[in-house]
Amino acid sequence: CPGFTADCLETLEEIDQVLGQGLSSTELRGILRLKQAEITVRLQSDQDMLRRIDARLKQIEQEDQMPTYDVVVKNINPILVASNRGIIPSYPEQGGLWHTLGSYLSGKKVQPSGPCFTIYHADEPEIDAEVCEPLAAPVQSGESIQVYSLPAIETAATTIHHGPFVTLGEAYAALIKWIEENGYQICGPCREIYLRVADNGSQTDPNTITEVQFPVHKP
């Protein structure tokens, strides 16, 4: 490299050649410092790229670990229920509704005839939730407890989530995506059927089993 600039120094052998050319210490110091700065910038760029690659690899691994959800389209028969409906501040904070409903049925000496479930009538601007216990026979309604027959749902898109409530959003996301991709539209409030109830109402019990149901139709 005529003149020996920093740009032409790419290998240790080339640097050794410069050292043997009898350059003054000032010239040599300038060339090597320029090369040092260039290598430092390159290393920083490579490290940034490595961090981006590492982040993308972790994202791919997480995507591969995402559970798969089988969607079943089915008819839901009418269900006789005792229910308690109210506005709740967040989805986990249904305890008061369930306590009131359970106390009422206990006072009537009535046992539910199947898995309990929640109907979400709205989530904006407030969460309008109705907690339900299926009944084998009608009982008298109470002050805040309604006993009535939920109408049949002709077509419902459903999926089952195996895992804690804190990851239930994955089932919702998968089910809504399936509905959109298959030309359906949601046409009513969703239901969460608690096939296996969490221990002590835990949000993190991994053995919880929940079915998510959306009434749908094809426009």
# chains A, B, ... in the order shown; residues from 1 in each chain; ligands from 1
>>> residues_around(residues="range 164-173 of chain A", least_positions_apart="2", cutoff="7 Å", atoms="only C-alpha atoms", output="PDB file with N, CA, C and O atoms, in the first residue's frame")
ATOM      1  N   TYR A  69     -53.462 -25.151  19.371  1.00  0.00           N
ATOM      2  CA  TYR A  69     -54.845 -25.280  19.817  1.00  0.00           C
ATOM      3  C   TYR A  69     -55.689 -25.875  18.693  1.00  0.00           C
ATOM      4  O   TYR A  69     -55.688 -25.373  17.572  1.00  0.00           O
ATOM      5  N   HIS A 161     -57.841 -24.959  26.650  1.00  0.00           N
ATOM      6  CA  HIS A 161     -56.544 -24.495  27.145  1.00  0.00           C
ATOM      7  C   HIS A 161     -56.135 -25.348  28.344  1.00  0.00           C
ATOM      8  O   HIS A 161     -56.855 -25.420  29.337  1.00  0.00           O
ATOM      9  N   LEU A 175     -57.752 -18.796  19.029  1.00  0.00           N
ATOM     10  CA  LEU A 175     -59.132 -19.012  18.595  1.00  0.00           C
ATOM     11  C   LEU A 175     -59.632 -17.856  17.723  1.00  0.00           C
ATOM     12  O   LEU A 175     -60.267 -18.070  16.679  1.00  0.00           O
ATOM     13  N   ILE A 176     -59.353 -16.629  18.130  1.00  0.00           N
ATOM     14  CA  ILE A 176     -59.777 -15.471  17.339  1.00  0.00           C
ATOM     15  C   ILE A 176     -59.094 -15.477  15.965  1.00  0.00           C
ATOM     16  O   ILE A 176     -59.722 -15.168  14.940  1.00  0.00           O
ATOM     17  N   LYS A 177     -57.822 -15.835  15.940  1.00  0.00           N
ATOM     18  CA  LYS A 177     -57.103 -15.925  14.660  1.00  0.00           C
ATOM     19  C   LYS A 177     -57.753 -16.963  13.754  1.00  0.00           C
ATOM     20  O   LYS A 177     -57.961 -16.724  12.554  1.00  0.00           O
ATOM     21  N   GLN A 203     -54.158 -18.372  39.944  1.00  0.00           N
ATOM     22  CA  GLN A 203     -53.987 -17.949  38.561  1.00  0.00           C
ATOM     23  C   GLN A 203     -52.828 -18.674  37.880  1.00  0.00           C
ATOM     24  O   GLN A 203     -52.646 -18.548  36.675  1.00  0.00           O
ATOM     25  N   THR A 204     -52.046 -19.418  38.666  1.00  0.00           N
ATOM     26  CA  THR A 204     -50.839 -20.044  38.118  1.00  0.00           C
ATOM     27  C   THR A 204     -50.852 -21.570  38.211  1.00  0.00           C
ATOM     28  O   THR A 204     -49.832 -22.196  37.929  1.00  0.00           O
ATOM     29  N   ASP A 205     -51.980 -22.161  38.589  1.00  0.00           N
ATOM     30  CA  ASP A 205     -52.067 -23.619  38.676  1.00  0.00           C
ATOM     31  C   ASP A 205     -51.930 -24.221  37.274  1.00  0.00           C
ATOM     32  O   ASP A 205     -52.788 -24.012  36.414  1.00  0.00           O
ATOM     33  N   PRO A 206     -50.862 -24.985  37.011  1.00  0.00           N
ATOM     34  CA  PRO A 206     -50.637 -25.496  35.650  1.00  0.00           C
ATOM     35  C   PRO A 206     -51.600 -26.602  35.250  1.00  0.00           C
ATOM     36  O   PRO A 206     -51.671 -26.974  34.076  1.00  0.00           O
ATOM     37  N   ASN A 207     -52.348 -27.155  36.201  1.00  0.00           N
ATOM     38  CA  ASN A 207     -53.252 -28.264  35.916  1.00  0.00           C
ATOM     39  C   ASN A 207     -54.665 -27.801  35.567  1.00  0.00           C
ATOM     40  O   ASN A 207     -55.552 -28.629  35.355  1.00  0.00           O
ATOM     41  N   THR A 208     -54.878 -26.502  35.509  1.00  0.00           N
ATOM     42  CA  THR A 208     -56.190 -25.966  35.158  1.00  0.00           C
ATOM     43  C   THR A 208     -56.533 -26.290  33.703  1.00  0.00           C
ATOM     44  O   THR A 208     -55.669 -26.258  32.832  1.00  0.00           O
TER      45      THR A 208
END
>>> residues_around(residues="Ser149 in chain A", least_positions_apart="2", cutoff="12 Å", atoms="only C-alpha atoms", output="PyMOL selection string")
chain A and resi 77-83+132-139+146-147+151-152
>>> select_by_dssp(residues="range 60-209 of chain A", states="strand (DSSP E)", output="number ranges by chain")
A: 72-76, 79-88, 117-122, 127-134, 145-150, 153-162, 185-186, 190-196, 209
>>> write_last_selection(atoms="C-alpha atoms", output="PDB file, in the first residue's frame")
ATOM      1  CA  VAL A  72     -63.851 -27.484  17.196  1.00  0.00           C
ATOM      2  CA  VAL A  73     -67.027 -25.980  15.726  1.00  0.00           C
ATOM      3  CA  LYS A  74     -70.099 -27.322  17.509  1.00  0.00           C
ATOM      4  CA  ASN A  75     -73.647 -26.669  18.659  1.00  0.00           C
ATOM      5  CA  ILE A  76     -74.200 -25.668  22.298  1.00  0.00           C
ATOM      6  CA  ILE A  79     -78.398 -24.747  29.685  1.00  0.00           C
ATOM      7  CA  LEU A  80     -80.405 -24.072  32.831  1.00  0.00           C
ATOM      8  CA  VAL A  81     -78.225 -21.923  35.069  1.00  0.00           C
ATOM      9  CA  ALA A  82     -78.152 -19.907  38.242  1.00  0.00           C
ATOM     10  CA  SER A  83     -76.089 -16.808  37.563  1.00  0.00           C
ATOM     11  CA  ASN A  84     -74.755 -13.670  39.184  1.00  0.00           C
ATOM     12  CA  ARG A  85     -73.850 -10.772  36.907  1.00  0.00           C
ATOM     13  CA  GLY A  86     -71.832  -7.671  37.694  1.00  0.00           C
ATOM     14  CA  ILE A  87     -69.054  -5.287  36.730  1.00  0.00           C
ATOM     15  CA  ILE A  88     -65.562  -6.358  37.815  1.00  0.00           C
ATOM     16  CA  PHE A 117     -68.433 -20.995  33.636  1.00  0.00           C
ATOM     17  CA  THR A 118     -68.246 -17.255  33.071  1.00  0.00           C
ATOM     18  CA  ILE A 119     -69.940 -15.309  30.288  1.00  0.00           C
ATOM     19  CA  TYR A 120     -68.190 -12.080  29.326  1.00  0.00           C
ATOM     20  CA  HIS A 121     -70.813  -9.694  27.931  1.00  0.00           C
ATOM     21  CA  ALA A 122     -68.373  -6.810  27.457  1.00  0.00           C
ATOM     22  CA  ILE A 127     -65.741  -5.880  32.269  1.00  0.00           C
ATOM     23  CA  ASP A 128     -69.335  -7.127  32.380  1.00  0.00           C
ATOM     24  CA  ALA A 129     -69.112 -10.689  33.722  1.00  0.00           C
ATOM     25  CA  GLU A 130     -71.796 -13.250  34.497  1.00  0.00           C
ATOM     26  CA  VAL A 131     -70.737 -16.252  36.582  1.00  0.00           C
ATOM     27  CA  CYS A 132     -72.896 -19.341  36.061  1.00  0.00           C
ATOM     28  CA  GLU A 133     -73.587 -22.701  37.681  1.00  0.00           C
ATOM     29  CA  PRO A 134     -75.529 -25.234  35.568  1.00  0.00           C
ATOM     30  CA  ILE A 145     -79.227 -14.408  41.471  1.00  0.00           C
ATOM     31  CA  GLN A 146     -81.021 -15.165  38.238  1.00  0.00           C
ATOM     32  CA  VAL A 147     -82.215 -18.668  37.361  1.00  0.00           C
ATOM     33  CA  TYR A 148     -83.011 -19.094  33.682  1.00  0.00           C
ATOM     34  CA  SER A 149     -82.240 -21.130  30.580  1.00  0.00           C
ATOM     35  CA  LEU A 150     -79.405 -19.907  28.416  1.00  0.00           C
ATOM     36  CA  ILE A 153     -75.829 -21.528  20.324  1.00  0.00           C
ATOM     37  CA  GLU A 154     -76.221 -22.851  16.802  1.00  0.00           C
ATOM     38  CA  THR A 155     -72.531 -22.522  15.912  1.00  0.00           C
ATOM     39  CA  ALA A 156     -69.714 -22.052  18.388  1.00  0.00           C
ATOM     40  CA  ALA A 157     -65.965 -22.062  17.733  1.00  0.00           C
ATOM     41  CA  THR A 158     -64.264 -23.644  20.728  1.00  0.00           C
ATOM     42  CA  THR A 159     -60.838 -24.623  21.962  1.00  0.00           C
ATOM     43  CA  ILE A 160     -59.379 -26.050  25.178  1.00  0.00           C
ATOM     44  CA  HIS A 161     -56.544 -24.495  27.145  1.00  0.00           C
ATOM     45  CA  HIS A 162     -54.399 -26.754  29.345  1.00  0.00           C
ATOM     46  CA  GLN A 185     -67.513 -13.557  12.630  1.00  0.00           C
ATOM     47  CA  ILE A 186     -68.093 -13.480  16.373  1.00  0.00           C
ATOM     48  CA  CYS A 190     -67.701 -15.554  24.873  1.00  0.00           C
ATOM     49  CA  ARG A 191     -67.811 -18.206  27.574  1.00  0.00           C
ATOM     50  CA  GLU A 192     -65.051 -19.702  29.714  1.00  0.00           C
ATOM     51  CA  ILE A 193     -65.941 -23.213  30.847  1.00  0.00           C
ATOM     52  CA  TYR A 194     -63.866 -24.345  33.831  1.00  0.00           C
ATOM     53  CA  LEU A 195     -63.416 -28.053  33.146  1.00  0.00           C
ATOM     54  CA  ARG A 196     -60.825 -28.356  35.899  1.00  0.00           C
ATOM     55  CA  ILE A 209     -58.279 -26.880  32.096  1.00  0.00           C
TER      56      ILE A 209
END
>>> select_by_dssp(residues="range 15-167 of chain A", states="alpha helix (DSSP H)", output="count of residues only")
59
>>> atom_distance(atom1="CA of Asp199 in chain A", atom2="CA of Pro115 in chain A")
14.8 Å
>>> closest_residue(among="A:Cys116, A:Thr26, A:Ser202, A:Asp123", to="Gly102 in chain A", atoms="only C-alpha atoms")
A:Cys116
>>> closest_residue(among="A:Gln47, A:Lys108, A:Val216, A:Leu101", to="Trp178 in chain A", atoms="only C-alpha atoms")
A:Val216
>>> closest_residue(among="A:Ile179, A:Glu124, A:His217, A:Gly201", to="Trp98 in chain A", atoms="only C-alpha atoms")
A:Gly201
>>> closest_residue(among="A:Gly114, A:Gly142, A:Pro219, A:Gly95", to="Glu180 in chain A", atoms="only C-alpha atoms")
A:Pro219
